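Engineer: So that we are looking at the same thing, I have put the structure below in C-alpha cells.
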Amino acid sequence: MVDEGLLSWLRLLLPWEPLWPLIAAFILVLAIYLRGLGRRTQLSDIPGALGFLTGLAMMYAVMQTHFDYLAQYMFFVHRGQHLVLHHVGPFLIALSAPSAVLAAGSPNWLRTAWQRLAGSLPARAIYRVVQQPVIAGLLFVCLIYFWLIPSVHFEAMLSARYYWVMNLSMAIDGLLFWWLMLDPRPPGATPVTRSIGVRIMVLCAVMPPQIVLGAWIALSRDILFDVYAVCGRAWPIPPMLDQQLGGLLTWIPAAMMSVLATLALLRLLFRYERAQRTVTDSSLATTEAT
Amino acid sequence: MTGRRLCLPLLLPLFTAVLAACGDTAPEWRGHDITGVMPDLRYTLTGENGETMIAGAYSGKVRLLFFGFTHCPDICPATLGRLKSAMTLLDAQQRERVRVLFVSVDPKRDTPERLAEYTGYFGPRFVGLTGTQAQLTELSKRYRVTYGYAEPDENGAYAVSHSGAVFVFDPQGKVRLLFNQSVPVADIAADLRRLLEDTA
C-alpha cells in the first residue's frame with residue numbers, strides 16, 4: 001500500500017508543463033558541477049557549492065515543478081517566480097563564482113566548444129555590449145517593466161510560447177546581470193570586469209525604478225492585470241490582495257537584493273585591499289632586506 | 001566611451017522594433033483576437049443526459065466556451081446572461097449556428113440534471129457539460145485556464161475560482177476570440193455576426 005498523501009506530495013515535484021530541453025540543460029549543468037567538485041576535492045569549494053546548488057535548485061523548482069502551475073494562475077506567485085528567476089537564483093549562482101568548478105567538471109569537447117564560442121568575435125561583441133554597465137542596468141530594469149506592461153503581460157500569460165520567452169529572458173538576464181555585478185576577479189581582469197564603485201552605482205541605480213514599479217502595483221486601486229481573472233486563479237483569493245502581495249514582492253525583496261549585493265561587493269573590496277597590502281608589505285620587506 | 005558609442009546605434013532599432021510591435025495591433029475585432037495562440041477545440045466530457053460528449057458533436061457551429069459552476073453567485077449568471085442578450089441580437093438563422101458550451105468545473109455538485117435545468121434558463125443553444133477532474137484539468141490546461149475550490153463553510157457551500165473568459169471557436173474548431181468581462185453585449189454580437197459571415 002503506497003501512501004496516498006506521499007504520492008500527491010511527490011506529484012508536486014513533477015513539471016506542470018515539461019520543457020525537455022530546459023530539464024536537459026539543468027541536468028547537464030548539475031552533472032558538470034558535481035563532477036568538477038569531485039575532481040577538485042577542495043574544502044574551500046563547499047560554501048560556493050551550497051550557494052550554487054541552492055540557486056540552481058530554486059530556478060529549477062520555480063520553472064519545472066508544480067510551483068509553475070501556481071505561478072501561471074496567481075499574480076503574487078508569478079512575482080515570486082520572477083524574483084527567483086531574475087534575482088535570488090542568479091544572485092546565488094553568481095556569488096558562488098562557479099567558473100572554476102564548472103571548468104574542472106566539463107568534458108574536453110564541451111570546454112573546446114565553449115572556448116571557441118567565447119572567443120568568437122560576434123559572441124565577444126554581443127557580450128561586451130550587454131555587459132556595458134549602463135546597458136546592463138537598463139536591460140535589467142526594462143525587462144521587468146516590459147513584461148509588466150498590462151497588455152504584454154496578458155499576451156505572455158495566455159500564450160504558452162511567450163510565457164517561456166518571458167521566463168527564460170528573465171533567467172538569462174538575471175544570470176548576466178548578477179555575474180557582471182558579483183564577478184570575483186580583480187577589477188580590470190577582463191574588459192567587462194568593472195570597478196567595485198561602478199558596480200555599486202549600477203546596483204543603486206536599479207533600485208528606485210523597481211521600488212516605483214512595485215509601489216505602483218501594490219498601491220493601485222484598480223486591477224492592473226486582468227489576465228488572472230480571465231484565466232482563473234488557483235484558488236479563490238480576493239484579486240486585490242493577490243495584486244497587493246505581488247506588488248510587495250516586486251517592491252521590497254527585489255530592491256533588498258541590491259543592498260545584499262553591495263555588501264558582498266564591499267567584502268570583495270576589503271579582500272582586494274588586504275591582498276594588495278600584503279603584496280606591498282612583502283615587496284617592502286624584500287627591498288629592506290636587500 | 002567607445003563602448004557607449006557602439007551601443008546606442010545597436011539599441012535604438014531594438015527599442016523601435018519593440019514599440020512598433022506594441023502599437024501594431026489594430027482593433028479589428030471588438031473582443032481579443034487569439035487566433036493561433038491556442039490549440040483547436042477538443043474535449044471529452046459528460047452532457048446534460050449523462051452521455052459522453054466530444055467536440056466534434058457541434059462541428060460546423062461557432063462555439064463559445066465558458067468555464068463556471070451553477071452555484072456561482074455573480075460571474076457565471078452575468079456572463080451567460082450577456083451571451084443570451086448577444087444571441088437575441090442575432091437573427092434566428094445566425095443563432096442556430098452558435099452554441100454556448102458551459103463547462104462546469106464543479107462536478108461534485110453539478111450533476112447532468114442540474115446542469116440541464118441551469119442552462120435551460122438561458123436558452124436552447126446553451127449546452128451544459130462537465131466531467132471527471134482529469135477531463136476538466138485536461139481541457140482547462142489546454143486553454144491555459146484553471147479553477148480551484150475554497151474550504152466549505154458549515155453548510156457545505158464552497159466558492160470556486162474559475163476563468164472569467166469566453167473562448168470563441170470558429171466552425172472548424174479553431175480558436176479565434178476571447179471575450180473578457182468588460183466586452184459589451186453589442187460588441188459580442190457584432191463579433192459573432194462577423195465571424196459567422198466570414199465562415200458562412
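Chain identifiers are assigned as A, B, and so on, following the order in which chains appear in the C-alpha cells; residues are numbered from 1 within each chain, and ligands are numbered from 1 in order of appearance.
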Need to verify the contact set: Tyr158 of chain B, 12 Å, only C-alpha atoms, exclusion of same-chain residues closer than 2 positions in sequence. Can you return it as a list in words?
Structural biologist: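 My list of contacting residues is Trp235 and Pro236 of chain A; Phe69, Thr70, His71, Cys72, Pro73, Asp106, Lys108, Arg109, Gly148, Tyr149, Ala150, Glu151, Pro152, Asp153, Glu154, Asn155, Gly156, Val160 and Ser161 of chain B.
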Engineer: Please identify all polymer residues within 9 Å of Leu203 of chain A, counting only C-alpha atoms, omitting same-chain residues fewer than 6 positions from it, and present them as a PyMOL selection string.
Structural biologist: chain A and resi 137+181+257-259+261-262
Engineer: Mind dumping the selected residues with N, CA and C atoms as a PDB file, in the first residue's frame?
Structural biologist:
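Output contents, as saved in selection05.pdb:
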```pdb
ATOM      1  N   GLY A 137      22.311  47.661 -16.680  1.00  0.00           N
ATOM      2  CA  GLY A 137      21.342  48.180 -15.717  1.00  0.00           C
ATOM      3  C   GLY A 137      20.008  48.473 -16.379  1.00  0.00           C
ATOM      4  N   MET A 181      27.794  41.965 -11.801  1.00  0.00           N
ATOM      5  CA  MET A 181      27.890  42.660 -10.518  1.00  0.00           C
ATOM      6  C   MET A 181      28.843  41.945  -9.555  1.00  0.00           C
ATOM      7  N   MET A 257      17.826  43.050  -2.748  1.00  0.00           N
ATOM      8  CA  MET A 257      18.909  42.306  -3.384  1.00  0.00           C
ATOM      9  C   MET A 257      20.067  43.228  -3.744  1.00  0.00           C
ATOM     10  N   SER A 258      19.748  44.464  -4.111  1.00  0.00           N
ATOM     11  CA  SER A 258      20.807  45.425  -4.422  1.00  0.00           C
ATOM     12  C   SER A 258      21.648  45.696  -3.186  1.00  0.00           C
ATOM     13  N   VAL A 259      20.976  45.796  -2.031  1.00  0.00           N
ATOM     14  CA  VAL A 259      21.684  46.060  -0.774  1.00  0.00           C
ATOM     15  C   VAL A 259      22.605  44.882  -0.452  1.00  0.00           C
ATOM     16  N   ALA A 261      23.844  42.725  -2.497  1.00  0.00           N
ATOM     17  CA  ALA A 261      24.945  42.660  -3.453  1.00  0.00           C
ATOM     18  C   ALA A 261      26.005  43.692  -3.109  1.00  0.00           C
ATOM     19  N   THR A 262      25.564  44.875  -2.645  1.00  0.00           N
ATOM     20  CA  THR A 262      26.524  45.904  -2.252  1.00  0.00           C
ATOM     21  C   THR A 262      27.393  45.412  -1.098  1.00  0.00           C
TER      22      THR A 262
END
```
Engineer: Please report as JSON lines every residue of chain A lying within 6 Å of chain B, along with the nearest atom pair and their distance in Å (one decimal), using only C-alpha atoms.
Structural biologist:
```
{"residue": "A:Ser159", "atom": "CA", "partner": "B:Val37", "partner_atom": "CA", "distance": 5.7}
{"residue": "A:Ala229", "atom": "CA", "partner": "B:Gly164", "partner_atom": "CA", "distance": 5.7}
{"residue": "A:Val230", "atom": "CA", "partner": "B:Gly164", "partner_atom": "CA", "distance": 4.6}
{"residue": "A:Cys231", "atom": "CA", "partner": "B:Val145", "partner_atom": "CA", "distance": 4.2}
{"residue": "A:Gly232", "atom": "CA", "partner": "B:Ser163", "partner_atom": "CA", "distance": 3.8}
{"residue": "A:Arg233", "atom": "CA", "partner": "B:Ser161", "partner_atom": "CA", "distance": 5.8}
{"residue": "A:Ala234", "atom": "CA", "partner": "B:Gly148", "partner_atom": "CA", "distance": 5.2}
{"residue": "A:Trp235", "atom": "CA", "partner": "B:Gly148", "partner_atom": "CA", "distance": 4.4}
{"residue": "A:Pro236", "atom": "CA", "partner": "B:Ser161", "partner_atom": "CA", "distance": 4.8}
```
Engineer: Could those selected residues go to a file with C-alpha atoms, as a PDB file, in the first residue's frame?
Structural biologist:
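Final output, again_16.pdb:
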```
ATOM      1  CA  SER A 159       0.369  32.104 -24.934  1.00  0.00           C
ATOM      2  CA  ALA A 229      -9.494  36.894 -13.825  1.00  0.00           C
ATOM      3  CA  VAL A 230      -9.611  35.770 -17.449  1.00  0.00           C
ATOM      4  CA  CYS A 231      -7.746  32.528 -16.769  1.00  0.00           C
ATOM      5  CA  GLY A 232      -8.986  31.824 -13.273  1.00  0.00           C
ATOM      6  CA  ARG A 233      -6.962  31.669 -10.091  1.00  0.00           C
ATOM      7  CA  ALA A 234      -5.504  28.550  -8.499  1.00  0.00           C
ATOM      8  CA  TRP A 235      -7.799  29.051  -5.511  1.00  0.00           C
ATOM      9  CA  PRO A 236     -10.319  31.751  -4.604  1.00  0.00           C
TER      10      PRO A 236
END
```
Engineer: List every residue of segment 43-228 of chain A that DSSP, applied to the backbone, labels as helix (DSSP H, G or I), and write the result as a ChimeraX atom specification.
Structural biologist: /A:45-64,66-73,75-95,99-105,108-119,121-130,133-147,150-158,160-182,196-205,207-219,227-228
Engineer: Atom CA of Leu143 of chain A to atom CA of Gly174 of chain A: how many Å, to one decimal?
Structural biologist: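 So the two atoms, atom CA of Leu143 of chain A and atom CA of Gly174 of chain A, lie 10.0 Å apart.
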Engineer: If we count only C-alpha atoms and set the cut-off at 10 Å, which residues sit around Asp222 of chain A, ignoring sequence neighbours fewer than 3 positions away in its own chain? Please answer as a ChimeraX atom specification.
Structural biologist: /A:217,219,225-226,239-240,243
Engineer: So what do you get for atom CA of Gly51 of chain A versus atom CA of Ser96 of chain A, distance-wise?
Structural biologist: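 Answer for the atom CA of Gly51 of chain A to atom CA of Ser96 of chain A separation: 5.6 Å.
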Engineer: Do a neighbour search on Ile54 of chain B at 12 Å with only C-alpha atoms, toss out local chain neighbours closer than 2 positions, and write the hits as an MDAnalysis selection string.
Structural biologist: chainID B and resid 41:47 51:52 56:59 101 129:131 135 139 173
Engineer: Selection from above, C-alpha atoms, as a PDB file, in the first residue's frame, can you write it?
Structural biologist:
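Printed below is result-v6.pdb as written:
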```
ATOM      1  CA  LEU B  41     -11.207  22.767 -29.606  1.00  0.00           C
ATOM      2  CA  ARG B  42     -11.048  19.238 -28.280  1.00  0.00           C
ATOM      3  CA  TYR B  43     -12.651  17.632 -25.246  1.00  0.00           C
ATOM      4  CA  THR B  44     -14.340  14.532 -23.907  1.00  0.00           C
ATOM      5  CA  LEU B  45     -16.976  15.468 -21.323  1.00  0.00           C
ATOM      6  CA  THR B  46     -20.373  14.440 -19.988  1.00  0.00           C
ATOM      7  CA  GLY B  47     -23.511  16.052 -21.402  1.00  0.00           C
ATOM      8  CA  GLU B  51     -23.906  10.958 -22.284  1.00  0.00           C
ATOM      9  CA  THR B  52     -20.297  11.304 -23.462  1.00  0.00           C
ATOM     10  CA  GLY B  56     -16.993  17.023 -32.940  1.00  0.00           C
ATOM     11  CA  ALA B  57     -20.650  16.965 -31.871  1.00  0.00           C
ATOM     12  CA  TYR B  58     -21.039  20.641 -32.759  1.00  0.00           C
ATOM     13  CA  SER B  59     -18.513  20.986 -35.545  1.00  0.00           C
ATOM     14  CA  LEU B 101     -20.693  25.420 -24.082  1.00  0.00           C
ATOM     15  CA  LEU B 129     -21.040  19.975 -19.870  1.00  0.00           C
ATOM     16  CA  THR B 130     -18.954  18.586 -17.045  1.00  0.00           C
ATOM     17  CA  GLY B 131     -16.575  15.707 -16.459  1.00  0.00           C
ATOM     18  CA  GLN B 135     -11.091  15.553 -18.077  1.00  0.00           C
ATOM     19  CA  LEU B 139      -9.468  20.829 -21.073  1.00  0.00           C
ATOM     20  CA  GLY B 173     -12.916  24.386 -34.086  1.00  0.00           C
TER      21      GLY B 173
END
```
Engineer: Between atom CA of Leu224 of chain A and atom CA of Arg82 of chain B, what distance in Å does the model show, to one decimal?
Structural biologist: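 If I compute the distance from atom CA of Leu224 of chain A to atom CA of Arg82 of chain B, I get 23.5 Å.
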Engineer: Ranking A:Leu85, A:Tyr228, A:Asn108, A:Gln42 by minimum distance to His153 of chain A and counting only C-alpha atoms, which one comes first?
Structural biologist: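 Once distances to His153 of chain A are computed over only C-alpha atoms, the minimum belongs to A:Tyr228.
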Engineer: Skipping near chain neighbours, those fewer than 5 positions away, what residues fall within 8 Å of Tyr33 of chain A using only C-alpha atoms, listed as number ranges by chain?
Structural biologist: A: 101-102, 105-106
Engineer: Please produce a file of those selected residues containing N, CA and C atoms, as a PDB file, in the first residue's frame.
Structural biologist:
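Resulting contents of out-v7.pdb:
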```pdb
ATOM      1  N   VAL A 101      34.912  25.464 -10.886  1.00  0.00           N
ATOM      2  CA  VAL A 101      34.360  24.119 -10.684  1.00  0.00           C
ATOM      3  C   VAL A 101      33.746  23.614 -11.991  1.00  0.00           C
ATOM      4  N   LEU A 102      33.015  24.494 -12.694  1.00  0.00           N
ATOM      5  CA  LEU A 102      32.392  24.076 -13.948  1.00  0.00           C
ATOM      6  C   LEU A 102      33.463  23.695 -14.975  1.00  0.00           C
ATOM      7  N   GLY A 105      34.861  20.354 -14.247  1.00  0.00           N
ATOM      8  CA  GLY A 105      33.955  19.246 -14.482  1.00  0.00           C
ATOM      9  C   GLY A 105      33.573  19.052 -15.930  1.00  0.00           C
ATOM     10  N   SER A 106      33.917  20.019 -16.795  1.00  0.00           N
ATOM     11  CA  SER A 106      33.490  19.932 -18.193  1.00  0.00           C
ATOM     12  C   SER A 106      34.271  18.869 -18.946  1.00  0.00           C
TER      13      SER A 106
END
```
